[in-house]
Structures are given as C-alpha cells and as structure tokens.
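Coordinates as given in protein-v9.txt (compact mmCIF, C-alpha atoms):
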```
# COMPACT_ATOMS: atom_id res chain seq x y z
CA MET R 1 48.66 10.28 4.89
CA SER R 2 49.99 9.56 8.34
CA PRO R 3 48.78 6.55 10.35
CA GLN R 4 47.33 8.96 12.88
CA THR R 5 45.36 10.72 10.15
CA GLN R 6 44.10 7.38 8.84
CA THR R 7 42.86 6.49 12.28
CA ASP R 8 41.04 9.78 12.61
CA SER R 9 39.60 9.75 9.11
CA GLU R 10 36.38 8.03 8.23
CA SER R 11 35.23 6.87 4.84
CA PHE R 12 32.36 8.60 3.10
CA VAL R 13 30.62 8.27 -0.20
CA LEU R 14 30.12 11.55 -2.00
CA LEU R 15 26.93 11.75 -4.02
CA ARG R 16 25.85 14.39 -6.45
CA LEU R 17 22.43 16.02 -6.68
CA ALA R 18 22.46 18.46 -9.58
CA GLU R 19 25.31 20.87 -8.84
CA ARG R 20 25.71 20.02 -5.18
CA ARG R 21 27.53 17.23 -3.43
CA PHE R 22 26.61 15.52 -0.20
CA ALA R 23 28.25 12.77 1.81
CA VAL R 24 26.98 9.62 3.45
CA ALA R 25 29.02 7.43 5.78
CA ALA R 26 30.43 4.65 3.61
CA GLY R 27 29.33 2.06 6.13
CA ASP R 28 25.73 2.95 5.38
CA ILE R 29 26.07 2.32 1.64
CA ALA R 30 25.13 -1.02 0.13
CA GLU R 31 25.75 -0.39 -3.57
CA LEU R 32 25.40 1.94 -6.52
CA VAL R 33 23.12 0.65 -9.27
CA ALA R 34 21.84 1.80 -12.61
CA PRO R 35 18.26 3.08 -12.62
CA SER R 36 15.71 0.35 -13.06
CA ARG R 37 11.97 0.25 -13.37
CA ILE R 38 10.13 1.95 -10.52
CA PHE R 39 6.95 0.24 -9.43
CA ARG R 40 4.35 2.63 -8.10
CA PHE R 41 1.31 1.90 -6.02
CA PRO R 42 -0.98 4.08 -3.93
CA HIS R 43 0.37 5.40 -0.65
CA HIS R 44 0.49 8.59 1.38
CA THR R 45 4.21 8.91 2.09
CA LYS R 46 5.01 11.74 -0.27
CA GLU R 47 8.79 11.37 -0.08
CA ILE R 48 8.61 7.86 -1.52
CA GLU R 49 8.31 7.59 -5.30
CA GLY R 50 7.83 3.87 -5.51
CA VAL R 51 9.92 0.75 -5.18
CA ILE R 52 12.53 -1.07 -7.21
CA LEU R 53 13.41 -4.73 -7.24
CA ARG R 54 17.01 -5.36 -6.31
CA ARG R 55 18.51 -8.77 -5.56
CA GLY R 56 15.09 -10.12 -4.74
CA ARG R 57 14.38 -7.31 -2.31
CA ILE R 58 11.79 -4.62 -2.72
CA VAL R 59 13.54 -1.32 -2.07
CA PRO R 60 11.73 2.00 -1.65
CA VAL R 61 12.99 4.91 -3.75
CA CYS R 62 13.25 8.20 -1.91
CA ASP R 63 14.08 11.36 -3.85
CA VAL R 64 15.86 13.47 -1.27
CA ALA R 65 16.69 16.22 -3.75
CA ALA R 66 13.54 18.19 -3.06
CA ARG R 67 14.53 18.51 0.55
CA LEU R 68 18.25 19.05 -0.01
CA ILE R 69 18.38 21.28 -3.09
CA GLY R 70 14.80 22.47 -3.27
CA LYS R 71 13.78 20.68 -6.46
CA SER R 72 13.11 17.13 -7.56
CA LEU R 73 15.51 15.47 -9.95
CA LEU R 74 14.47 15.53 -13.59
CA SER R 75 17.07 12.98 -14.57
CA ARG R 76 18.96 10.43 -12.55
CA ARG R 77 22.03 8.46 -13.30
CA PHE R 78 22.21 5.96 -10.49
CA TYR R 79 20.45 4.79 -7.38
CA LEU R 80 22.64 4.85 -4.33
CA ILE R 81 21.32 2.07 -2.15
CA ALA R 82 21.86 2.87 1.47
CA GLN R 83 20.94 1.29 4.76
CA ARG R 84 18.33 3.12 6.75
CA ARG R 85 18.23 2.31 10.45
CA TYR R 86 14.98 1.79 12.25
CA THR R 87 14.35 0.91 15.86
CA ASN R 88 13.91 -2.73 14.88
CA GLY R 89 16.62 -3.15 12.28
CA THR R 90 17.91 -1.73 9.03
CA GLU R 91 16.38 -1.65 5.59
CA TRP R 92 17.64 -0.61 2.20
CA ILE R 93 16.53 2.63 0.65
CA ALA R 94 17.38 3.82 -2.85
CA LEU R 95 18.45 7.45 -3.30
CA PRO R 96 18.43 8.75 -6.88
CA VAL R 97 21.63 10.66 -7.73
CA THR R 98 22.63 12.58 -10.82
CA GLY R 99 26.29 11.72 -11.16
CA ASP R 100 29.10 9.41 -10.21
CA CYS R 101 29.76 8.74 -6.56
CA GLU R 102 33.16 8.86 -4.98
CA LEU R 103 34.67 7.17 -1.96
CA ILE R 104 36.76 9.52 0.14
CA PHE R 105 38.45 9.55 3.51
CA ALA R 106 37.98 12.66 5.55
CA GLU R 107 37.51 13.91 9.05
CA MET R 108 33.98 14.82 9.95
CA ILE R 109 33.14 17.80 12.08
CA PRO R 110 30.03 16.84 14.06
CA ALA R 111 26.89 18.86 13.50
CA SER R 112 25.94 21.55 15.96
CA GLU R 113 22.54 22.20 17.44
CA ALA R 114 22.03 24.92 14.87
CA ASP R 115 22.23 22.43 12.01
CA LEU R 116 19.20 20.81 10.48
CA PRO R 117 18.32 17.33 11.76
CA HIS R 118 19.34 15.66 8.52
CA VAL R 119 22.92 16.96 8.90
CA SER R 120 25.07 14.65 10.96
CA GLY R 121 28.24 16.60 10.31
CA TRP R 122 30.44 18.45 7.89
CA LEU R 123 33.58 17.60 6.01
CA SER R 124 35.98 19.47 3.83
CA HIS R 125 36.95 18.03 0.47
CA ASP R 126 38.51 19.63 -2.61
CA GLY R 127 37.85 23.07 -1.23
CA ASP R 128 34.18 22.37 -0.67
CA VAL R 129 32.40 22.10 2.65
CA ILE R 130 30.06 19.14 2.32
CA GLU R 131 27.10 18.11 4.45
CA VAL R 132 27.22 14.58 5.82
CA LEU R 133 23.68 13.27 5.69
CA ASN R 134 21.80 11.59 8.48
CA LEU R 135 19.57 9.27 6.50
CA ASN R 136 17.44 8.47 9.52
CA ALA R 137 16.34 12.08 9.66
CA LEU R 138 16.30 12.64 5.91
CA THR R 139 14.16 9.71 4.84
CA PRO R 140 10.71 8.84 6.15
CA GLY R 141 10.04 6.22 8.76
CA PRO R 142 7.85 5.53 11.73
CA ASN R 143 8.09 8.08 14.47
CA PRO R 144 10.13 6.43 17.22
CA THR R 145 8.51 8.44 19.99
CA ILE R 146 4.78 8.63 20.34
CA LEU R 147 3.86 11.89 21.96
CA PRO R 148 0.71 11.99 24.02
CA ALA R 149 -2.27 13.61 22.37
CA PRO R 150 -2.85 17.21 23.45
CA THR R 151 -5.95 16.27 25.44
CA GLU R 152 -4.05 13.52 27.25
CA ALA R 153 -1.23 15.93 28.04
CA LEU R 154 -3.69 18.43 29.45
CA GLN R 155 -5.32 15.70 31.55
CA GLN R 156 -1.92 14.62 32.85
CA GLU R 157 -1.08 18.21 33.72
CA ALA R 158 -4.38 18.60 35.53
CA LEU R 159 -3.76 15.41 37.54
CA SER R 160 -0.23 16.33 38.53
CA MET P 1 32.12 -44.69 5.55
CA ARG P 2 28.60 -43.42 5.83
CA LEU P 3 27.60 -40.40 3.89
CA PRO P 4 25.41 -37.89 5.66
CA ALA P 5 21.77 -38.28 4.85
CA PRO P 6 20.67 -35.80 2.25
CA THR P 7 18.78 -32.96 3.84
CA LYS P 8 15.24 -32.64 2.68
CA SER P 9 14.50 -29.22 1.32
CA GLN P 10 11.64 -27.49 3.06
CA PRO P 11 8.58 -27.22 0.87
CA VAL P 12 8.06 -23.66 -0.26
CA ARG P 13 5.08 -22.06 1.44
CA THR P 14 2.80 -20.57 -1.07
CA GLU P 15 -0.38 -18.58 -0.87
CA GLN P 16 -2.98 -18.34 -3.55
CA ILE P 17 -3.75 -14.77 -4.47
CA ILE P 18 -6.05 -12.91 -6.79
CA LEU P 19 -4.49 -10.16 -8.85
CA PHE P 20 -7.06 -7.49 -9.48
CA ARG P 21 -7.19 -3.95 -10.76
CA VAL P 22 -8.64 -0.83 -9.25
CA SER P 23 -8.61 2.17 -11.56
CA GLY P 24 -6.04 0.33 -13.63
CA GLN P 25 -3.67 -0.22 -10.70
CA LEU P 26 -2.70 -3.78 -9.92
CA PHE P 27 -3.25 -5.20 -6.42
CA ALA P 28 -3.27 -8.63 -4.87
CA VAL P 29 -5.47 -10.15 -2.22
CA SER P 30 -5.27 -13.56 -0.63
CA SER P 31 -7.94 -15.67 -2.27
CA ALA P 32 -8.76 -17.08 1.16
CA SER P 33 -9.84 -13.58 2.16
CA VAL P 34 -12.38 -13.33 -0.62
CA LYS P 35 -15.66 -14.96 0.21
CA GLU P 36 -17.43 -14.15 -3.02
CA VAL P 37 -16.85 -12.38 -6.27
CA ARG P 38 -19.96 -10.85 -7.74
CA SER P 39 -20.81 -8.77 -10.71
CA VAL P 40 -21.80 -5.28 -9.63
CA ASP P 41 -25.01 -5.76 -11.60
CA THR P 42 -26.12 -8.50 -9.24
CA LEU P 43 -26.13 -6.07 -6.35
CA SER P 44 -28.73 -3.89 -7.98
CA GLY P 45 -31.74 -3.48 -5.82
CA ALA P 46 -30.07 -5.02 -2.83
CA ALA P 47 -27.95 -1.96 -2.21
CA LYS P 48 -29.18 0.93 -0.17
CA GLU P 49 -27.67 4.33 -0.32
CA ILE P 50 -26.25 5.71 2.86
CA ALA P 51 -25.47 9.32 3.43
CA GLN P 52 -22.16 9.65 5.22
CA ALA P 53 -20.63 12.95 4.25
CA GLY P 54 -17.33 12.19 5.93
CA LEU P 55 -16.72 8.97 4.06
CA ARG P 56 -17.01 9.37 0.33
CA LYS P 57 -15.68 5.92 -0.47
CA VAL P 58 -18.77 4.24 0.97
CA ARG P 59 -22.05 5.18 -0.61
CA HIS P 60 -24.00 1.95 -0.42
CA ILE P 61 -24.76 -0.85 1.93
CA VAL P 62 -25.93 -4.37 1.23
CA GLN P 63 -27.98 -6.18 3.84
CA ARG P 64 -27.13 -9.86 4.15
CA GLY P 65 -29.25 -11.50 6.78
CA GLU P 66 -28.38 -9.94 10.09
CA HIS P 67 -25.22 -8.43 8.73
CA SER P 68 -24.71 -5.38 6.61
CA LEU P 69 -21.85 -5.02 4.17
CA TYR P 70 -20.46 -1.64 3.33
CA VAL P 71 -19.62 -1.24 -0.34
CA VAL P 72 -16.22 0.43 -0.53
CA ASN P 73 -15.17 2.12 -3.74
CA GLY P 74 -11.62 0.86 -4.18
CA ALA P 75 -10.55 3.78 -6.35
CA MET P 76 -11.61 6.29 -3.73
CA HIS P 77 -10.08 4.29 -0.92
CA PHE P 78 -6.68 4.35 -2.61
CA GLY P 79 -7.05 7.90 -3.92
CA LEU P 80 -7.04 6.76 -7.54
CA PRO P 81 -9.01 8.35 -10.37
CA PRO P 82 -12.64 7.21 -10.55
CA TYR P 83 -13.08 4.21 -12.77
CA ALA P 84 -15.89 1.87 -13.68
CA PRO P 85 -15.96 -1.04 -11.24
CA ALA P 86 -17.34 -4.24 -12.68
CA LEU P 87 -16.90 -6.63 -9.78
CA VAL P 88 -17.45 -6.71 -6.06
CA PHE P 89 -15.29 -8.74 -3.71
CA VAL P 90 -17.08 -9.75 -0.54
CA LEU P 91 -14.21 -9.92 1.90
CA ARG P 92 -14.21 -12.63 4.53
CA HIS P 93 -14.24 -11.70 8.22
CA THR P 94 -14.96 -8.08 7.38
CA ARG P 95 -18.00 -5.98 6.66
CA THR P 96 -16.50 -4.83 3.39
CA ALA P 97 -17.63 -5.40 -0.15
CA LEU P 98 -14.93 -3.96 -2.39
CA LEU P 99 -15.65 -2.47 -5.81
CA VAL P 100 -12.89 -3.35 -8.28
CA ASP P 101 -12.39 -3.02 -12.02
CA GLY P 102 -11.82 -6.70 -12.61
CA ILE P 103 -9.63 -9.70 -12.01
CA GLU P 104 -6.31 -9.96 -13.77
CA LYS P 105 -5.60 -13.54 -12.83
CA MET P 106 -5.18 -15.97 -9.97
CA THR P 107 -1.71 -17.02 -9.06
CA THR P 108 0.44 -18.00 -6.10
CA MET P 109 2.98 -16.00 -4.20
CA THR P 110 5.94 -17.61 -2.52
CA ARG P 111 7.20 -14.60 -0.65
CA LEU P 112 5.47 -11.70 0.99
CA GLN P 113 7.82 -8.91 1.96
CA ALA P 114 6.72 -6.60 4.73
CA LEU P 115 5.96 -3.12 3.54
CA PRO P 116 9.24 -1.20 3.82
CA GLN P 117 9.21 0.96 6.92
CA ALA P 118 9.85 4.03 4.79
CA PHE P 119 6.15 3.81 4.04
CA CYS P 120 4.84 5.29 7.23
CA ASN P 121 1.32 6.57 6.65
CA ASP P 122 -2.13 5.12 5.95
CA GLU P 123 -0.66 2.57 3.58
CA ARG P 124 0.57 0.56 6.55
CA ASP P 125 -3.07 -0.18 7.30
CA TRP P 126 -3.88 -0.85 3.66
CA TYR P 127 -1.28 -3.47 2.83
CA ARG P 128 -0.10 -6.72 4.35
CA GLY P 129 3.07 -6.29 2.34
CA VAL P 130 4.39 -6.43 -1.18
CA THR P 131 5.23 -9.33 -3.41
CA ALA P 132 6.98 -9.78 -6.73
CA ILE P 133 4.98 -11.55 -9.41
CA ASP P 134 6.56 -11.98 -12.83
CA GLN P 135 9.13 -9.28 -12.07
CA THR P 136 6.38 -6.87 -11.10
CA VAL P 137 5.91 -5.57 -7.59
CA VAL P 138 2.34 -5.86 -6.37
CA PRO P 139 0.97 -4.63 -3.05
CA VAL P 140 -1.02 -7.25 -1.17
CA VAL P 141 -4.03 -5.64 0.43
CA LYS P 142 -5.18 -6.16 3.98
CA PRO P 143 -8.91 -6.98 3.88
CA GLU P 144 -9.60 -5.34 7.22
CA GLY P 145 -7.77 -2.21 6.08
CA PHE P 146 -10.55 -0.87 3.90
CA LEU P 147 -12.61 0.31 6.85
CA THR P 148 -11.05 1.35 10.11
CA PRO P 149 -12.96 0.88 13.39
CA ASP P 150 -13.61 4.63 13.41
CA GLU P 151 -14.99 4.52 9.89
CA LEU P 152 -17.19 1.57 10.79
CA PHE P 153 -18.49 3.50 13.76
CA LEU P 154 -19.30 6.46 11.53
CA LEU P 155 -21.03 4.23 9.03
CA ASP P 156 -23.01 2.38 11.67
CA SER P 157 -24.16 5.70 13.10
CA SER P 158 -25.13 6.89 9.64
CA LEU P 159 -26.97 3.65 8.99
CA GLN P 160 -28.98 4.04 12.16
CA SER P 161 -29.90 7.58 11.12
CA ASN P 162 -30.92 6.32 7.69
CA GLU P 163 -33.06 3.56 9.16
CA ALA P 164 -34.74 6.05 11.42
CA ALA P 165 -35.49 8.16 8.37
CA GLY P 166 -36.85 5.11 6.54
CA ALA P 167 -34.58 5.18 3.51
CA ALA P 168 -35.71 3.11 0.53
CA PRO P 169 -33.40 0.62 -1.22
CA LEU P 170 -31.51 2.00 -4.14
CA GLY P 171 -29.73 0.20 -6.93
CA PHE P 172 -26.41 0.59 -8.60
CA LYS P 173 -26.57 2.13 -11.98
CA GLY P 174 -24.50 0.68 -14.79
CA ALA P 175 -22.38 -1.41 -12.48
CA GLY P 176 -20.92 1.67 -10.91
CA LEU P 177 -19.85 2.99 -14.30
CA ASP P 178 -21.70 6.18 -13.73
CA PRO P 179 -20.58 8.87 -11.35
CA THR P 180 -23.21 7.91 -8.79
CA ILE P 181 -20.59 6.15 -6.73
CA ALA P 182 -17.66 8.38 -7.47
CA ASN P 183 -19.53 11.64 -7.54
CA ASP P 184 -19.84 13.40 -4.28
CA SER P 185 -23.41 14.49 -4.71
CA PRO P 186 -25.37 12.22 -7.02
CA SER P 187 -28.99 12.95 -7.62
CA GLU P 188 -31.44 10.46 -6.28
CA ALA P 189 -33.06 10.24 -9.69
CA THR P 190 -29.80 9.00 -11.16
CA LEU P 191 -29.41 6.41 -8.47
CA LEU P 192 -32.92 5.16 -8.92
CA GLU P 193 -32.29 4.62 -12.60
CA SER P 194 -30.87 1.22 -11.83
CA LEU P 195 -30.65 -2.15 -13.41
CA PRO P 196 -33.30 -4.78 -12.68
CA ASP P 197 -33.22 -5.98 -9.11
CA VAL P 198 -31.50 -9.24 -8.40
CA PRO P 199 -31.88 -10.58 -4.91
CA VAL P 200 -28.56 -11.07 -3.18
CA ASN P 201 -29.53 -14.38 -1.70
CA SER P 202 -30.63 -15.98 -4.94
CA ALA P 203 -30.17 -19.68 -5.61
CA SER P 204 -26.84 -19.08 -7.33
CA ASP P 205 -25.38 -17.36 -4.29
CA ILE P 206 -23.59 -20.34 -2.84
CA PRO P 207 -20.23 -19.43 -1.44
CA VAL P 208 -17.73 -21.95 -2.74
CA ASN P 209 -15.41 -21.28 0.13
CA ALA P 210 -17.70 -21.66 3.09
CA ASP P 211 -14.96 -22.28 5.59
CA PRO P 212 -11.73 -20.30 5.74
CA GLY P 213 -9.49 -23.22 4.96
CA ALA P 214 -11.42 -24.38 1.96
CA ALA P 215 -10.74 -23.52 -1.63
CA PRO P 216 -11.80 -19.93 -1.84
CA LEU P 217 -14.15 -17.95 -3.95
CA GLY P 218 -17.59 -18.10 -5.28
CA PHE P 219 -18.02 -16.22 -8.53
CA LYS P 220 -21.49 -15.03 -9.19
CA GLY P 221 -22.59 -13.29 -12.29
CA ALA P 222 -19.08 -12.10 -12.87
CA GLY P 223 -18.99 -13.60 -16.31
CA LEU P 224 -15.99 -15.65 -15.34
CA ASP P 225 -17.66 -18.87 -14.56
CA PRO P 226 -18.98 -21.19 -17.21
CA THR P 227 -21.31 -22.81 -14.71
CA PRO P 228 -23.82 -20.83 -12.74
CA SER P 229 -23.04 -21.93 -9.22
CA THR P 230 -19.61 -23.47 -9.09
CA MET P 231 -16.28 -22.23 -10.21
CA ASP P 232 -12.98 -23.84 -10.97
CA PRO P 233 -10.14 -21.49 -10.09
CA ALA P 234 -8.01 -23.23 -12.67
CA SER P 235 -10.28 -21.86 -15.33
CA LEU P 236 -9.10 -18.36 -14.56
CA PRO P 237 -6.27 -16.92 -16.59
CA ARG P 238 -2.91 -17.56 -15.03
```
Please lay out the structure from this file as structure tokens.
Amino acid sequence: MSPQTQTDSESFVLLRLAERRFAVAAGDIAELVAPSRIFRFPHHTKEIEGVILRRGRIVPVCDVAARLIGKSLLSRRFYLIAQRRYTNGTEWIALPVTGDCELIFAEMIPASEADLPHVSGWLSHDGDVIEVLNLNALTPGPNPTILPAPTEALQQEALS
Amino acid sequence: MRLPAPTKSQPVRTEQIILFRVSGQLFAVSSASVKEVRSVDTLSGAAKEIAQAGLRKVRHIVQRGEHSLYVVNGAMHFGLPPYAPALVFVLRHTRTALLVDGIEKMTTMTRLQALPQAFCNDERDWYRGVTAIDQTVVPVVKPEGFLTPDELFLLDSSLQSNEAAGAAPLGFKGAGLDPTIANDSPSEATLLESLPDVPVNSASDIPVNADPGAAPLGFKGAGLDPTPSTMDPASLPR
C-alpha cells in the first residue's frame, strides 16, 4: 500500500447482517460486545427494541436489519456499539449483527442523490460493493428541522 | 513539606423513588411526586364516570374539594395489556390519579440518565429518564406526562358536558379488576355494581407529605401500612 493510498483510504468496520455486509466509518464505532440482556419498557419508537447496560450507560438497541435487508434478525452474535450524532452531541447506539466484524481500509465513493438517505457512500472490498451506512439517517432520533404545520404554511403563503 | 489537603468527596445526590408495576412492567416514580397512595377500593363511590370517547385511558374522575382528579389507567396509557390495578397514586402538582398494579419497593436512585435521543416519540413525554436499579433498567415516569394539556382540555370539556347532563357518581368495581375500566364500552349496570362507598376525605385521608420537600407519601387502605393514618417508608420492602 503506497503512502498516497494510505492517505486517501479511510478505515471502516464491516458488519454482517445475515448474508449481507455493510460498512460503518471506524471513527463512529465504540466497541463490539457480546449480546447481553435487553431491558424493554413501553415506548412508541418502533425501531428501538429496548436498552442494554454497558459500562454504566444505558444504550438503546436498534435492529437495523429490517430496514437494510428486509427482515429482522432471528439470532445475533454481537452488538456493534456505534456513536450516533445528534444536534446536541453524540450518544451510543447498539446495532445487533450476526457475525464477526472486520476493520478494513478502503476508499469510499460518496453517495449520489439517487442513493437512499442512509447510504453515505460505497466501497469496494473483496469483490463486493458495500454500502457505507449513515447512522444518523438509519437510526431514529429527533427531527432536526421542524416544518411548519400545513395550516401555518398556507397562512404564510396567504400573507406573502 | 505540607501535603495537599485531602479533597472532600462530593456527597452523592440521591432521590427516593417508588418502584411500581403496571401490567407487570416495572416503572419508577419519584416518591416526592406521589402525594398519596390509596387502595382502589377506597375510591369507590367517590369516582364518577366520564364519557370521553377519544381518551380511553381515563374513564373516571374523583372530585376533591374544588379540584377534580382524572383517574388514568396506567396500562392503557403505556399501551400494555389490561391488568387489575390495585392501587392509585395521587400525583402531586397534577390532576392525575394513576391506577397501578402495586408497589414493588421503595429505594433510592443515584443516577438518572436522560432518555436516549433514539427514543423520539410519545415516550419523551412519559419519562424523565431511565435509571439502573440492581442491574435492571427502569424508566422513571414524568408525573405530568400522563395527561397532556390537550387531553386535559378534552377531559374538562367532557366533564362540563357530563355535569350539564347531571351524571350520577359511579363506583369502581373490584378495584378495577373487571373490564369496566379497560373495556371500551362497559355497561352502566356493571359499573354500578360497586364496592361500598368510602368517602375520599375520610379521617384517615391525611397526606403524610403535605409539602413538597417533606417525606412523601400517605398510604391509605393500601394494605401496606400497619397503622391507619401514618406510614413509615422504611417498613416497605427494599
């Protein structure tokens, strides 16, 4: 690997969901942990299964498989704990995965407008083209922009 | 040579909480937020039914002096399966009386973690945060989160309609064990088949925690208190 290539390459963690692999920027990964007890309590955020206790923190568990591969995971081998950015800081979020994760260096091709919001780019590895995930779009969180209600918008249009 | 003075460790801030169950699910509430704990039976006769089709979790109201308390079915509020509530928490600084299964224990929490931002729906109004007690994660409820201002407006409107219609007081049947609270359309005959009336403001109804900073809780008829009018929190299971 040439120094130039090293400079251009970024590090990613490859994660496995059933037969497919996805990538997350390595800088967004906190750790990979064995599955532990999930604590569930009532809520209305359907993407969140519950929470786990990790290093004294309460970490939400978000099964992204349903969105990425079209089905929820029946079994899970690890939780990949990643950092999810919000407007007022970052928080950990646990992503269930079905196999080992791998650290790789690769060049990312940025996503185009045609790509889904949760795709931040693409990379090529071992003959596969792999989606690089944008966790901010993939996992739930408060909507950063509050759109005016339709009635308000109509009133504003009428005033202008 | 003078050694640096040893730094005094900050005392850990703690908050006394009540762990309680709704439909088997464990929750916590600050004990300072609970004005009274009553047996559901003791509300019989004091509760009036209100018809508010848009708000299934509130079916009854209790008049207390000038104020009216809305009796919120905790299981319905949280979307849990209907279960037999045995106790009512009268929540301080709210107009909510919350039906719960029972009290697990009283304990203290040393850390309240904000609800992770990944939770981004109604639950943000329901919970102050989450805490870990004995390696178990428990959501800490927000007393004012059981009834939103819009819901209170709906209920107040419904109450005014009911008063105009001259509704008669109705009692709870079987401490809410029957489907009269959970069922969407209970018959009036079922509701009227209530336990003997007990006035809400009976002699034993002395709130232990009259001011917010005081030791909280008055337990009335909840079967938890060996004495009729006072209660030692230490007597609760810990």
Name the closest residue to chain R among the candidates P:Gly54, P:Gly24, P:Pro143, P:Gly65; distances are taken between atoms, counting only C-alpha atoms. P:Gly24
Residues of chain P that have any atom at most 6 Å from an atom of chain R: could you tabulate them with the shortest-distance atom pair and the distance in Å to one decimal, using only C-alpha atoms, ordered by chain and increasing number, as JSON lines?
```
{"residue": "P:Phe78", "atom": "CA", "partner": "R:Pro42", "partner_atom": "CA", "distance": 5.9}
{"residue": "P:Gln117", "atom": "CA", "partner": "R:Gly141", "partner_atom": "CA", "distance": 5.6}
{"residue": "P:Ala118", "atom": "CA", "partner": "R:Gly141", "partner_atom": "CA", "distance": 4.5}
{"residue": "P:Phe119", "atom": "CA", "partner": "R:Thr45", "partner_atom": "CA", "distance": 5.8}
{"residue": "P:Cys120", "atom": "CA", "partner": "R:Pro142", "partner_atom": "CA", "distance": 5.4}
{"residue": "P:Asn121", "atom": "CA", "partner": "R:His44", "partner_atom": "CA", "distance": 5.7}
{"residue": "P:Glu123", "atom": "CA", "partner": "R:His43", "partner_atom": "CA", "distance": 5.2}
```
Which is closer to P:Tyr83 than all the others in P:Val22, P:Ala46, P:Leu115, P:Val137, using all atoms listed in the file?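 Under the stated criterion, the closest residue is P:Val22.
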With all atoms listed in the file as the counted atoms, please give the residues lying no more than 12 Å from R:Ile29, apart from itself and same-chain residues fewer than 6 positions off, as a PyMOL selection string. chain R and resi 11-15+23+79-85+90-95+101-103+133+135
Quick one: residues within 10 Å of P:Thr148, only C-alpha atoms counted, chain neighbours fewer than 6 positions away excluded, as a VMD selection string? chain P and resid 125 to 126 154
Would you output that residue set with C-alpha atoms, as a compact mmCIF listing (two decimals), in the coordinates of the input?
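Final output, saved to part31.txt:
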```txt
# COMPACT_ATOMS: atom_id res chain seq x y z
CA ASP P 125 -3.07 -0.18 7.30
CA TRP P 126 -3.88 -0.85 3.66
CA LEU P 154 -19.30 6.46 11.53
```
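Taking atom CA of R:Asp115 and atom CA of R:Arg76 as the two end points, the separation is 27.5 Å.
Of the residues listed (P:Val40, P:Arg128, P:Gly45, P:His67), P:Val40 shows the shortest atom-to-atom separation from P:Pro85; distances use only C-alpha atoms.
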What does the distance between atom CA of P:Phe27 and atom CA of P:Val141 come to in Å, to one decimal place?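 Interatomic distance, atom CA of P:Phe27 to atom CA of P:Val141: 6.9 Å.
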Could you work out how far atom CA of P:Asp156 lies from atom CA of P:Arg92, giving the answer in Å with one decimal?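 That distance, rounded to one decimal, is 18.8 Å.
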Give the answer as one residue: which of P:Leu43, P:Leu155, P:Met76, P:Val138 has the shortest atom-to-atom distance to P:Phe89, using all atoms listed in the file? P:Leu43
